[in-house]
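Data block for query_27.tsv (TSV, C-alpha atoms and all ligand atoms):
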```
chain	number	residue	atom	x	y	z
A	1	MET	CA	205.72	221.37	93.96
A	2	ASN	CA	209.29	220.06	93.94
A	3	THR	CA	210.55	217.65	96.57
A	4	LEU	CA	214.22	216.93	97.24
A	5	LYS	CA	215.80	214.75	99.86
A	6	VAL	CA	218.81	215.38	102.02
A	7	GLU	CA	220.34	211.89	102.34
A	8	LEU	CA	221.71	211.44	105.83
A	9	GLY	CA	220.65	207.89	106.75
A	10	GLU	CA	218.17	207.98	109.61
A	11	ARG	CA	218.47	211.77	109.72
A	12	SER	CA	217.33	212.17	106.07
A	13	TYR	CA	214.61	214.73	105.41
A	14	PRO	CA	212.63	216.26	102.57
A	15	ILE	CA	212.83	219.80	101.21
A	16	LEU	CA	209.51	220.91	99.73
A	17	ILE	CA	209.66	223.84	97.30
A	18	GLY	CA	206.66	225.50	95.69
A	19	HIS	CA	204.39	228.51	95.37
A	20	GLY	CA	201.63	228.78	97.99
A	21	LEU	CA	202.64	225.77	100.10
A	22	LEU	CA	201.63	227.54	103.31
A	23	ALA	CA	198.07	227.75	101.99
A	24	GLN	CA	197.88	223.93	101.87
A	25	PRO	CA	196.99	222.82	105.41
A	26	GLU	CA	197.15	219.08	104.70
A	27	LEU	CA	200.61	219.27	103.21
A	28	ILE	CA	201.88	221.33	106.15
A	29	GLY	CA	200.15	219.14	108.73
A	30	ARG	CA	201.75	216.01	107.28
A	31	GLN	CA	205.28	217.40	107.79
A	32	ILE	CA	204.72	218.36	111.42
A	33	ALA	CA	204.41	215.42	113.82
A	34	GLY	CA	203.18	215.37	117.41
A	35	ARG	CA	200.38	216.96	119.32
A	36	ASP	CA	202.42	219.87	120.69
A	37	VAL	CA	203.86	222.46	118.34
A	38	LEU	CA	205.89	225.56	119.11
A	39	ILE	CA	205.88	228.15	116.33
A	40	VAL	CA	208.94	230.40	116.53
A	41	SER	CA	208.90	233.55	114.40
A	42	ASN	CA	209.60	237.25	114.81
A	43	THR	CA	207.71	240.54	114.89
A	44	ILE	CA	207.99	240.99	111.10
A	45	VAL	CA	207.14	237.48	109.96
A	46	ALA	CA	204.49	236.50	112.54
A	47	PRO	CA	201.80	238.91	111.25
A	48	LEU	CA	202.48	237.76	107.69
A	49	TYR	CA	202.65	233.96	107.93
A	50	ALA	CA	201.92	232.57	111.42
A	51	ALA	CA	198.15	232.47	110.83
A	52	SER	CA	198.36	230.09	107.86
A	53	LEU	CA	200.54	227.76	109.90
A	54	ARG	CA	198.14	227.86	112.82
A	55	ALA	CA	195.28	227.04	110.46
A	56	ALA	CA	197.19	224.01	109.20
A	57	LEU	CA	197.66	222.80	112.79
A	58	ARG	CA	194.07	223.02	113.96
A	59	GLY	CA	193.29	220.44	116.64
A	60	ARG	CA	196.82	220.44	118.10
A	61	ARG	CA	198.27	222.40	120.98
A	62	VAL	CA	200.05	225.31	119.31
A	63	VAL	CA	202.10	227.84	121.27
A	64	ASP	CA	203.75	230.89	119.66
A	65	VAL	CA	207.02	232.62	120.45
A	66	VAL	CA	207.48	235.94	118.66
A	67	LEU	CA	211.09	237.13	118.87
A	68	PRO	CA	212.43	240.62	118.26
A	69	ASP	CA	213.72	241.10	114.70
A	70	GLY	CA	217.36	241.28	113.72
A	71	GLU	CA	220.80	239.71	113.87
A	72	SER	CA	221.58	241.65	117.08
A	73	HIS	CA	219.03	239.44	118.86
A	74	LYS	CA	220.65	236.18	117.71
A	75	THR	CA	221.92	235.49	121.22
A	76	LEU	CA	221.85	232.89	123.98
A	77	ALA	CA	219.43	235.14	125.87
A	78	THR	CA	216.90	234.94	123.04
A	79	VAL	CA	217.31	231.16	122.78
A	80	ALA	CA	216.73	231.02	126.55
A	81	ARG	CA	213.37	232.71	125.95
A	82	ILE	CA	212.37	229.94	123.52
A	83	LEU	CA	213.49	227.27	126.03
A	84	ASP	CA	211.57	229.00	128.82
A	85	VAL	CA	208.36	228.76	126.80
A	86	LEU	CA	208.96	225.06	126.08
A	87	VAL	CA	209.54	224.37	129.77
A	88	ALA	CA	206.69	226.59	131.02
A	89	ASN	CA	204.28	224.71	128.76
A	90	ARG	CA	205.77	221.32	129.72
A	91	PHE	CA	206.34	220.42	126.11
A	92	PRO	CA	207.02	216.66	125.77
A	93	ARG	CA	209.96	215.00	124.04
A	94	ASP	CA	207.84	214.32	120.94
A	95	CYS	CA	206.89	217.95	120.33
A	96	THR	CA	207.88	219.84	117.17
A	97	VAL	CA	209.46	223.28	116.97
A	98	VAL	CA	208.60	225.13	113.75
A	99	ALA	CA	210.90	227.99	112.67
A	100	VAL	CA	209.13	230.52	110.45
A	101	GLY	CA	211.40	233.28	109.20
A	102	GLY	CA	214.84	234.04	107.87
A	103	GLY	CA	218.14	232.55	108.91
A	104	VAL	CA	218.19	234.37	112.23
A	105	VAL	CA	214.96	232.74	113.43
A	106	GLY	CA	215.91	229.39	111.86
A	107	ASP	CA	219.32	229.25	113.53
A	108	MET	CA	217.87	230.08	116.96
A	109	ALA	CA	214.79	227.85	116.78
A	110	GLY	CA	217.01	225.01	115.53
A	111	PHE	CA	219.46	225.54	118.38
A	112	ALA	CA	216.64	225.61	120.96
A	113	ALA	CA	215.32	222.35	119.44
A	114	ALA	CA	218.83	220.85	119.64
A	115	CYS	CA	219.08	221.73	123.35
A	116	TYR	CA	215.59	221.10	124.70
A	117	GLN	CA	215.55	217.64	126.31
A	118	ARG	CA	218.80	216.96	124.37
A	119	GLY	CA	217.08	217.31	121.03
A	120	VAL	CA	213.50	217.53	119.76
A	121	ALA	CA	212.20	217.66	116.19
A	122	TYR	CA	212.10	220.90	114.26
A	123	VAL	CA	210.77	221.98	110.89
A	124	GLN	CA	212.19	224.88	108.92
A	125	VAL	CA	209.78	227.20	107.12
A	126	PRO	CA	212.30	229.64	105.58
A	127	THR	CA	210.85	232.93	104.38
A	128	THR	CA	213.93	234.74	102.99
A	129	LEU	CA	215.75	233.69	99.83
A	130	LEU	CA	218.95	233.29	101.84
A	131	ALA	CA	217.20	230.92	104.25
A	132	GLN	CA	215.52	229.00	101.40
A	133	VAL	CA	218.77	228.40	99.51
A	134	ASP	CA	221.16	228.09	102.41
A	135	SER	CA	220.54	228.39	106.14
A	136	SER	CA	217.45	226.14	106.45
A	137	VAL	CA	219.30	223.17	104.94
A	138	GLY	CA	222.22	221.34	106.51
A	139	GLY	CA	221.56	221.39	110.25
A	140	LYS	CA	223.90	224.14	111.41
A	141	THR	CA	222.16	225.93	114.28
A	142	GLY	CA	223.37	228.47	116.80
A	143	VAL	CA	223.81	232.01	118.00
A	144	ASN	CA	226.37	234.80	118.08
A	145	HIS	CA	228.59	235.63	121.05
A	146	PRO	CA	230.11	239.04	121.76
A	147	GLY	CA	233.41	237.30	120.88
A	148	GLY	CA	232.29	236.28	117.41
A	149	LYS	CA	229.54	235.31	114.96
A	150	ASN	CA	227.96	231.85	115.20
A	151	LEU	CA	230.47	230.82	117.88
A	152	ILE	CA	227.92	228.89	119.94
A	153	GLY	CA	225.93	226.18	118.21
A	154	ALA	CA	225.17	222.59	117.38
A	155	PHE	CA	224.60	220.37	114.38
A	156	HIS	CA	220.93	219.37	114.48
A	157	GLN	CA	219.12	218.44	111.28
A	158	PRO	CA	215.50	219.50	110.77
A	159	VAL	CA	212.85	216.84	110.01
A	160	ALA	CA	211.58	218.84	107.02
A	161	VAL	CA	212.13	222.11	105.15
A	162	ILE	CA	209.13	223.83	103.58
A	163	ALA	CA	210.13	226.63	101.21
A	164	ASP	CA	207.10	228.56	99.96
A	165	THR	CA	208.24	230.94	97.20
A	166	HIS	CA	205.10	233.03	97.79
A	167	THR	CA	206.67	234.31	101.04
A	168	LEU	CA	209.37	236.01	98.96
A	169	SER	CA	206.79	238.44	97.56
A	170	SER	CA	206.88	240.40	100.83
A	171	LEU	CA	210.66	240.35	101.13
A	172	PRO	CA	212.43	243.72	100.75
A	173	PRO	CA	214.30	243.81	97.37
A	174	ARG	CA	217.61	244.35	99.11
A	175	GLU	CA	217.14	241.06	101.03
A	176	LEU	CA	216.31	239.27	97.77
A	177	ARG	CA	219.52	240.53	96.15
A	178	ALA	CA	221.53	239.47	99.20
A	179	GLY	CA	220.10	235.94	98.90
A	180	LEU	CA	221.10	235.84	95.23
A	181	ALA	CA	224.76	236.17	96.26
A	182	GLU	CA	224.56	232.71	97.86
A	183	VAL	CA	222.85	231.39	94.72
A	184	ILE	CA	225.68	232.71	92.52
A	185	LYS	CA	228.06	231.02	94.97
A	186	TYR	CA	226.61	227.58	94.15
A	187	GLY	CA	227.21	228.09	90.42
A	188	LEU	CA	230.81	229.09	91.11
A	189	ILE	CA	231.48	226.17	93.47
A	190	CYS	CA	230.44	223.33	91.21
A	191	ASP	CA	227.93	224.10	88.45
A	192	ALA	CA	229.04	226.15	85.43
A	193	PRO	CA	225.74	225.57	83.51
A	194	PHE	CA	223.84	226.94	86.52
A	195	PHE	CA	226.06	230.04	86.45
A	196	ASP	CA	225.22	230.45	82.72
A	197	TRP	CA	221.52	230.08	83.60
A	198	LEU	CA	221.81	232.82	86.22
A	199	GLU	CA	223.40	235.15	83.66
A	200	ALA	CA	220.48	234.49	81.30
A	201	HIS	CA	217.70	234.81	83.90
A	202	MET	CA	218.89	237.40	86.43
A	203	ASP	CA	216.27	239.95	85.31
A	204	GLU	CA	213.42	237.51	86.02
A	205	LEU	CA	214.88	236.65	89.41
A	206	LEU	CA	215.20	240.32	90.38
A	207	ALA	CA	211.60	240.87	89.26
A	208	GLY	CA	210.50	238.13	91.67
A	209	ASP	CA	209.36	235.64	89.00
A	210	SER	CA	208.23	232.68	91.09
A	211	GLN	CA	209.16	229.99	88.55
A	212	ALA	CA	212.67	231.35	88.15
A	213	LEU	CA	213.00	231.60	91.93
A	214	ALA	CA	211.74	228.04	92.41
A	215	HIS	CA	214.35	226.86	89.90
A	216	VAL	CA	217.24	228.51	91.73
A	217	ILE	CA	216.00	227.37	95.13
A	218	ARG	CA	215.77	223.81	93.87
A	219	ARG	CA	219.22	223.78	92.27
A	220	SER	CA	220.84	225.53	95.25
A	221	CYS	CA	219.27	223.08	97.70
A	222	GLU	CA	220.30	220.13	95.50
A	223	ILE	CA	223.90	221.28	95.58
A	224	LYS	CA	223.88	222.01	99.31
A	225	ALA	CA	222.09	218.72	100.07
A	226	GLN	CA	224.67	216.76	98.07
A	227	ILE	CA	227.61	218.41	99.80
A	228	VAL	CA	226.04	218.05	103.26
A	229	GLY	CA	225.20	214.40	102.47
A	230	ARG	CA	228.91	213.77	101.81
A	231	ASP	CA	230.26	215.79	104.73
A	232	GLU	CA	227.66	216.60	107.38
A	233	ARG	CA	230.10	218.01	109.95
A	234	GLU	CA	232.46	219.95	107.72
A	235	GLN	CA	235.48	217.66	107.92
A	236	GLY	CA	236.23	218.23	104.23
A	237	ASP	CA	234.10	219.17	101.23
A	238	ARG	CA	231.48	221.15	103.12
A	239	ALA	CA	234.06	223.92	103.48
A	240	LEU	CA	233.49	224.66	99.76
A	241	LEU	CA	230.20	226.25	100.81
A	242	ASN	CA	232.35	228.95	102.43
A	243	LEU	CA	233.52	230.27	99.06
A	244	GLY	CA	233.84	234.05	99.41
A	245	HIS	CA	233.07	233.87	103.13
A	246	THR	CA	236.54	234.52	104.59
A	247	PHE	CA	236.67	237.73	102.55
A	248	GLY	CA	232.98	238.44	103.21
A	249	HIS	CA	233.27	237.96	106.97
A	250	ALA	CA	236.14	240.46	106.97
A	251	VAL	CA	233.81	242.96	105.25
A	252	GLU	CA	231.08	242.28	107.82
A	253	SER	CA	233.24	242.43	110.92
A	254	ALA	CA	235.31	245.46	109.80
A	255	THR	CA	232.04	247.34	109.27
A	256	HIS	CA	230.59	246.03	112.58
A	257	TYR	CA	227.80	244.05	110.92
A	258	THR	CA	225.84	247.23	110.34
A	259	ARG	CA	226.68	248.51	106.89
A	260	TRP	CA	226.28	245.45	104.67
A	261	LEU	CA	223.88	242.53	104.77
A	262	HIS	CA	225.57	239.12	104.95
A	263	GLY	CA	224.72	238.32	101.32
A	264	GLU	CA	226.05	241.68	100.16
A	265	ALA	CA	229.34	241.08	101.95
A	266	ILE	CA	229.44	237.63	100.34
A	267	GLY	CA	228.86	239.20	96.91
A	268	ALA	CA	232.03	241.26	97.34
A	269	GLY	CA	233.77	238.21	98.88
A	270	LEU	CA	232.97	236.04	95.85
A	271	LEU	CA	234.62	238.56	93.55
A	272	MET	CA	237.66	238.69	95.84
A	273	ALA	CA	237.93	234.87	95.85
A	274	ALA	CA	237.78	234.95	92.04
A	275	ALA	CA	240.35	237.76	91.78
A	276	MET	CA	242.63	235.88	94.20
A	277	SER	CA	242.28	232.79	91.99
A	278	ARG	CA	243.33	234.91	89.00
A	279	GLU	CA	246.30	236.29	90.98
A	280	CYS	CA	247.30	232.67	91.64
A	281	GLY	CA	247.22	231.93	87.91
A	282	LEU	CA	244.11	229.71	88.13
A	283	LEU	CA	241.21	231.72	86.77
A	284	SER	CA	241.23	233.87	83.62
A	285	ALA	CA	240.70	237.63	83.75
A	286	ALA	CA	237.67	237.13	81.47
A	287	GLU	CA	236.03	234.79	84.00
A	288	VAL	CA	236.58	237.30	86.80
A	289	GLU	CA	234.96	239.99	84.62
A	290	ARG	CA	231.98	237.72	83.95
A	291	LEU	CA	231.45	237.36	87.67
A	292	ARG	CA	231.87	241.08	88.25
A	293	ARG	CA	229.21	241.85	85.64
A	294	LEU	CA	226.77	239.37	87.16
A	295	LEU	CA	227.28	240.75	90.67
A	296	GLU	CA	226.80	244.31	89.42
A	297	ARG	CA	223.58	243.37	87.64
A	298	THR	CA	222.37	241.72	90.85
A	299	GLY	CA	223.02	244.98	92.70
A	300	LEU	CA	225.76	243.57	94.91
A	301	PRO	CA	228.90	245.47	95.93
A	302	THR	CA	232.22	244.66	94.26
A	303	HIS	CA	234.47	247.13	96.07
A	304	ILE	CA	234.53	248.08	99.77
A	305	ASP	CA	235.80	251.65	100.03
A	306	SER	CA	235.30	252.13	103.76
A	307	VAL	CA	237.71	249.37	104.87
A	308	GLN	CA	241.47	249.50	104.30
A	309	PRO	CA	243.25	246.43	102.83
A	310	LEU	CA	245.40	245.70	105.91
A	311	GLU	CA	242.44	246.17	108.21
A	312	ALA	CA	240.59	243.58	106.09
A	313	LEU	CA	243.55	241.20	106.44
A	314	ASP	CA	243.42	241.46	110.24
A	315	HIS	CA	239.74	240.61	110.21
A	316	MET	CA	240.33	237.65	107.89
A	317	ARG	CA	242.93	236.25	110.29
A	318	ILE	CA	240.54	236.17	113.23
A	319	ASP	CA	237.86	234.39	111.22
A	320	LYS	CA	237.12	231.06	112.88
A	321	LYS	CA	238.06	229.11	109.75
A	322	VAL	CA	241.75	229.73	110.47
A	323	LYS	CA	243.09	226.21	111.15
A	324	SER	CA	246.29	225.77	113.17
A	325	GLY	CA	247.57	229.23	112.35
A	326	ARG	CA	247.25	229.05	108.56
A	327	MET	CA	244.27	230.68	106.93
A	328	ARG	CA	242.52	228.43	104.43
A	329	LEU	CA	240.83	229.86	101.37
A	330	ILE	CA	238.41	228.47	98.83
A	331	LEU	CA	239.72	229.22	95.35
A	332	LEU	CA	238.43	228.62	91.83
A	333	ARG	CA	240.07	226.69	89.01
A	334	SER	CA	237.26	227.86	86.75
A	335	ILE	CA	233.65	228.97	87.09
A	336	GLY	CA	232.11	225.76	88.44
A	337	GLU	CA	235.25	224.25	89.99
A	338	SER	CA	236.45	225.13	93.48
A	339	PHE	CA	238.86	223.71	96.04
A	340	VAL	CA	240.10	224.39	99.58
A	341	THR	CA	243.72	225.35	100.11
A	342	ALA	CA	246.11	226.80	102.66
A	343	ASP	CA	248.83	226.91	100.02
A	344	TYR	CA	248.72	230.27	98.24
A	345	SER	CA	251.03	233.22	97.87
A	346	GLN	CA	250.79	235.98	100.47
A	347	PRO	CA	251.67	238.73	97.93
A	348	ALA	CA	248.77	237.51	95.75
A	349	LEU	CA	246.45	237.88	98.74
A	350	LEU	CA	247.71	241.38	99.46
A	351	ARG	CA	247.27	242.43	95.81
A	352	THR	CA	243.70	241.09	95.90
A	353	LEU	CA	242.89	243.04	99.06
A	354	GLU	CA	244.47	246.21	97.68
A	355	GLU	CA	242.36	245.90	94.55
A	356	HIS	CA	239.04	245.53	96.41
A	357	PHE	CA	239.35	247.52	99.63
A	358	GLY	CA	240.05	251.18	100.34
A	359	ALA	CA	239.91	254.14	98.00
A	360	PRO	CA	239.11	252.82	94.54
A	361	GLY	CA	241.81	253.15	91.88
A	362	PRO	CA	241.25	254.82	88.50
A	363	GLY	CA	238.35	253.21	86.68
A	364	GLN	CA	237.04	251.60	89.86
A	365	ALA	CA	234.93	254.50	91.12
A	366	ALA	CA	231.95	253.71	88.92
A	367	ARG	CA	232.14	250.06	89.90
A	368	SER	CA	231.74	250.74	93.58
A	369	ALA	CA	228.53	252.66	92.98
A	370	VAL	CA	226.40	250.21	95.01
A	371	ARG	CA	225.66	251.69	98.39
A	372	PRO	CA	223.75	250.11	101.26
A	401	LIG	N1	222.66	227.72	109.52
A	401	LIG	C1	223.29	227.96	108.40
A	401	LIG	O1	223.79	227.07	107.72
A	401	LIG	C2	223.39	229.38	107.92
A	401	LIG	C3	223.81	229.63	106.62
A	401	LIG	C4	223.81	230.96	106.17
A	401	LIG	C5	223.40	231.97	107.02
A	401	LIG	N2	223.02	231.67	108.30
A	401	LIG	C6	222.56	232.72	109.21
A	401	LIG	O2	221.39	233.29	108.66
A	401	LIG	C7	221.25	234.63	109.12
A	401	LIG	C8	220.86	235.51	107.97
A	401	LIG	O3	219.62	235.08	107.48
A	401	LIG	P1	218.68	236.04	106.62
A	401	LIG	O4	219.46	236.66	105.55
A	401	LIG	O5	217.49	235.25	106.27
A	401	LIG	O6	218.36	237.23	107.63
A	401	LIG	P2	217.13	237.51	108.64
A	401	LIG	O7	216.66	236.27	109.25
A	401	LIG	O8	217.57	238.60	109.53
A	401	LIG	O9	216.01	238.07	107.64
A	401	LIG	C9	216.21	239.28	106.98
A	401	LIG	C10	215.07	240.28	107.25
A	401	LIG	O10	213.92	239.90	106.49
A	401	LIG	C11	212.80	239.78	107.37
A	401	LIG	N3	211.93	238.78	106.74
A	401	LIG	C12	212.07	237.44	106.76
A	401	LIG	N4	211.17	236.88	105.92
A	401	LIG	C13	210.45	237.88	105.40
A	401	LIG	C14	209.39	237.92	104.46
A	401	LIG	N5	208.95	236.83	103.86
A	401	LIG	N6	208.85	239.13	104.15
A	401	LIG	C15	209.35	240.27	104.71
A	401	LIG	N7	210.37	240.29	105.57
A	401	LIG	C16	210.92	239.10	105.91
A	401	LIG	C17	213.39	239.41	108.68
A	401	LIG	O11	212.51	239.67	109.75
A	401	LIG	C18	214.63	240.31	108.70
A	401	LIG	O12	214.27	241.62	109.04
A	401	LIG	C19	222.59	234.99	109.75
A	401	LIG	O13	222.44	235.00	111.15
A	401	LIG	C20	223.51	233.87	109.33
A	401	LIG	O14	224.53	233.60	110.27
A	401	LIG	C21	223.00	230.40	108.74
A	402	ZN	ZN	226.67	232.84	103.68
```
Rewritten as structure tokens:
Amino acid sequence: MNTLKVELGERSYPILIGHGLLAQPELIGRQIAGRDVLIVSNTIVAPLYAASLRAALRGRRVVDVVLPDGESHKTLATVARILDVLVANRFPRDCTVVAVGGGVVGDMAGFAAACYQRGVAYVQVPTTLLAQVDSSVGGKTGVNHPGGKNLIGAFHQPVAVIADTHTLSSLPPRELRAGLAEVIKYGLICDAPFFDWLEAHMDELLAGDSQALAHVIRRSCEIKAQIVGRDEREQGDRALLNLGHTFGHAVESATHYTRWLHGEAIGAGLLMAAAMSRECGLLSAAEVERLRRLLERTGLPTHIDSVQPLEALDHMRIDKKVKSGRMRLILLRSIGESFVTADYSQPALLRTLEEHFGAPGPGQAARSAVRP
């Protein structure tokens, strides 16, 4: 087992990473304090993993909430259901909420924990790759609103994150690939050797090799923990974690969140951020090609035919990261070096969008072969 620490003073917490952690009752029991525990999961994950958690919590009062599956249920109404159960069972201030599932469950259980009695402890047990490398770490919690994604939320750090790589064995391959987009993102942001490692080991990762997966989860969490430790509330550096996301969110919202998984949209968004960096004279064409090849091998899209370039631009402009009218982008100086800027050329942005959205140009048809 690997243990990392997110250093946030009195809000510091450990991230435990390993194969079969959920089958170790003592280890699990140690991370979950209090007599009263609420396990929040969903209809897919509960039958797979709730029993091992219950076994680890024998002797305590354990109550379950099983939510409906899917991003469309990431709403205030669903969080209200979690709060209702806490209230109905008169859960005390020193209870613990345990989120078992992907980012959707984690974001909602974390938000319920942030709100109940103005904040109770919660533990993340992420069961998707995306949740293990990204959403379970860093304390962003919340729900969607009809007016936008993740518009309602709070910063509330968990007391522990337990990432059992064994849970990834039941994950649909498409979800695994989507999680790998966020992993590639970390290499691009600040770790060129990690990007090289991903190029060398992508086949093992796609085959579900648990050692390779544990390595990428560890490195991804290290990077995220470091950035969050420096900038918990996204006043500066934490924005780097949004590399590819302004483009990716445009893909998601223009296709109504139905066609592409978040990680898939981010895969395309990463390539667009790289191509934009090349248009701005920062990144070499060879580096952009390296990224394109890695994304293609991972099975992620690199061209979005069904959305027109100007339509994509409109969606980018309403992204919530637009600060005082000027859209900020994360760009790359090289693979492994990123920065935030609002100072870029508009024609370069338009050329980037024209290259990656709409009917593919000559030579691009084969590249957009990935279909959801
Ligand atoms: N809080 C943050 O910092 C942060 C960061 C990134 C993403 N997010 C949020 O995370 C969400 C996406 O998370 P996700 O990609 O994990 O999606 P998800 O939670 O919807 O999980 C994907 C699918 O896999 C299923 N599943 C989960 N674990 C499984 C397992 N072990 N075996 C089989 N099936 C399993 C889920 O039930 C779901 O159907 C979005 O709502 C996004 O906004 C939050
Ligand atoms: Zn993301």
Checklist entry - Between A:Phe247, A:Val133, A:Gln124, A:Ala77, which has the minimum distance to Arg218 (chain A) (counting only C-alpha atoms)? => result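 Ranking A:Phe247, A:Val133, A:Gln124, A:Ala77 by distance to Arg218 (chain A), first place goes to A:Val133.
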Item to check | All residues 6 Å or closer to region 40-48 of chain A, only C-alpha atoms, same chain fewer than 2 positions away omitted, as a PyMOL selection string | outcome: chain A and resi 50+65-69+98-101
Can you write just those residues out, C-alpha atoms, as a PDB file, in the coordinates of the input?
```pdb
ATOM      1  CA  ALA A  50     201.920 232.570 111.420  1.00  0.00           C
ATOM      2  CA  VAL A  65     207.020 232.620 120.450  1.00  0.00           C
ATOM      3  CA  VAL A  66     207.480 235.940 118.660  1.00  0.00           C
ATOM      4  CA  LEU A  67     211.090 237.130 118.870  1.00  0.00           C
ATOM      5  CA  PRO A  68     212.430 240.620 118.260  1.00  0.00           C
ATOM      6  CA  ASP A  69     213.720 241.100 114.700  1.00  0.00           C
ATOM      7  CA  VAL A  98     208.600 225.130 113.750  1.00  0.00           C
ATOM      8  CA  ALA A  99     210.900 227.990 112.670  1.00  0.00           C
ATOM      9  CA  VAL A 100     209.130 230.520 110.450  1.00  0.00           C
ATOM     10  CA  GLY A 101     211.400 233.280 109.200  1.00  0.00           C
TER      11      GLY A 101
END
```
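Using all atoms listed in the file, the nearest neighbour of ligand ZN 402 (chain A) within the list A:Ala154, A:Leu331, A:Ile266, A:Ala274 is A:Ile266.
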Checklist entry - Could you list, as a PyMOL selection string, all the residues within 7 Å of ligand LIG 401 (chain A), counting all atoms listed in the file? => result chain A and resi 42+44-45+69-71+74+101-105+107+127-131+134-141+150+167-172+175+179+262-263
Output C-alpha atoms for every residue in the selection just made, as a PDB file, in the coordinates of the input.
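Wrote it out as part29.pdb, contents follow:
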```
ATOM      1  CA  ASN A  42     209.600 237.250 114.810  1.00  0.00           C
ATOM      2  CA  ILE A  44     207.990 240.990 111.100  1.00  0.00           C
ATOM      3  CA  VAL A  45     207.140 237.480 109.960  1.00  0.00           C
ATOM      4  CA  ASP A  69     213.720 241.100 114.700  1.00  0.00           C
ATOM      5  CA  GLY A  70     217.360 241.280 113.720  1.00  0.00           C
ATOM      6  CA  GLU A  71     220.800 239.710 113.870  1.00  0.00           C
ATOM      7  CA  LYS A  74     220.650 236.180 117.710  1.00  0.00           C
ATOM      8  CA  GLY A 101     211.400 233.280 109.200  1.00  0.00           C
ATOM      9  CA  GLY A 102     214.840 234.040 107.870  1.00  0.00           C
ATOM     10  CA  GLY A 103     218.140 232.550 108.910  1.00  0.00           C
ATOM     11  CA  VAL A 104     218.190 234.370 112.230  1.00  0.00           C
ATOM     12  CA  VAL A 105     214.960 232.740 113.430  1.00  0.00           C
ATOM     13  CA  ASP A 107     219.320 229.250 113.530  1.00  0.00           C
ATOM     14  CA  THR A 127     210.850 232.930 104.380  1.00  0.00           C
ATOM     15  CA  THR A 128     213.930 234.740 102.990  1.00  0.00           C
ATOM     16  CA  LEU A 129     215.750 233.690  99.830  1.00  0.00           C
ATOM     17  CA  LEU A 130     218.950 233.290 101.840  1.00  0.00           C
ATOM     18  CA  ALA A 131     217.200 230.920 104.250  1.00  0.00           C
ATOM     19  CA  ASP A 134     221.160 228.090 102.410  1.00  0.00           C
ATOM     20  CA  SER A 135     220.540 228.390 106.140  1.00  0.00           C
ATOM     21  CA  SER A 136     217.450 226.140 106.450  1.00  0.00           C
ATOM     22  CA  VAL A 137     219.300 223.170 104.940  1.00  0.00           C
ATOM     23  CA  GLY A 138     222.220 221.340 106.510  1.00  0.00           C
ATOM     24  CA  GLY A 139     221.560 221.390 110.250  1.00  0.00           C
ATOM     25  CA  LYS A 140     223.900 224.140 111.410  1.00  0.00           C
ATOM     26  CA  THR A 141     222.160 225.930 114.280  1.00  0.00           C
ATOM     27  CA  ASN A 150     227.960 231.850 115.200  1.00  0.00           C
ATOM     28  CA  THR A 167     206.670 234.310 101.040  1.00  0.00           C
ATOM     29  CA  LEU A 168     209.370 236.010  98.960  1.00  0.00           C
ATOM     30  CA  SER A 169     206.790 238.440  97.560  1.00  0.00           C
ATOM     31  CA  SER A 170     206.880 240.400 100.830  1.00  0.00           C
ATOM     32  CA  LEU A 171     210.660 240.350 101.130  1.00  0.00           C
ATOM     33  CA  PRO A 172     212.430 243.720 100.750  1.00  0.00           C
ATOM     34  CA  GLU A 175     217.140 241.060 101.030  1.00  0.00           C
ATOM     35  CA  GLY A 179     220.100 235.940  98.900  1.00  0.00           C
ATOM     36  CA  HIS A 262     225.570 239.120 104.950  1.00  0.00           C
ATOM     37  CA  GLY A 263     224.720 238.320 101.320  1.00  0.00           C
TER      38      GLY A 263
END
```
Item to check | For ligand ZN 402 (chain A), the nearest of the candidates A:Leu294, A:Ala109, A:Leu241, A:Ala254, counting only C-alpha atoms and all ligand atoms | outcome: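 Of the candidates, the smallest distance to ligand ZN 402 (chain A) is held by A:Leu241.
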Next on the checklist: So that I can check the surroundings of Gly358 (chain A), please list as an NGL selection string every protein, DNA and RNA residue that reaches within 10 Å of it, counting only C-alpha atoms and ignoring chain neighbours fewer than 6 positions away.
Outcome noted: :A and (303-312)
Checklist entry - Contacts of Asn242 (chain A) at 9 Å or less, counting all atoms listed in the file, minus same-chain residues fewer than 4 places along, as a PyMOL selection string? => result chain A and resi 185+238+246+329-330
Item to check | Between CA of Gly9 (chain A) and CA of Lys224 (chain A) - distance in Å to one decimal | outcome: 16.3 Å
Item to check | Who sits within 7 Å of Gly34 (chain A), only C-alpha atoms, same chain under 4 positions skipped, as a list of chain:residue names | outcome: A:Asp94, A:Cys95, A:Thr96
Item to check | d(CA of Ile223 (chain A), CA of Thr258 (chain A)) in Å | outcome: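 Straight-line distance from CA of Ile223 (chain A) to CA of Thr258 (chain A) works out to 29.9 Å.
Reported to one decimal place, the separation of CA of Gly106 (chain A) from CA of Ala225 (chain A) is 17.1 Å.
Among the candidates A:Arg93, A:Arg30, A:His145, A:His356, the one nearest to Ala114 (chain A) when counting all atoms listed in the file is A:Arg93.
Candidate residues A:Leu57, A:Met1, A:Val97, A:Val183 were compared for distance to ligand ZN 402 (chain A), and the nearest is A:Val183, using all atoms listed in the file.
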Item to check | Answer as JSON, numbers by chain, residues within 7 Å of (214.5, 220.8, 111.3) using only C-alpha atoms | outcome: {"A": [110, 121, 122, 123, 124, 157, 158, 159, 160, 161]}
Next on the checklist: I'd like the neighbourhood of Leu332 (chain A) as a list in words, where a residue qualifies if any of its atoms comes within 10 Å (using only C-alpha atoms), though same-chain residues fewer than 6 positions away should be ignored.
Outcome noted: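 The filter keeps Leu188, Ile189, Cys190, Leu243, Ala273, Ala274, Ala275, Met276, Ser277, Arg278, Cys280, Leu282, Leu283, Ser338, Phe339 and Val340 of chain A.
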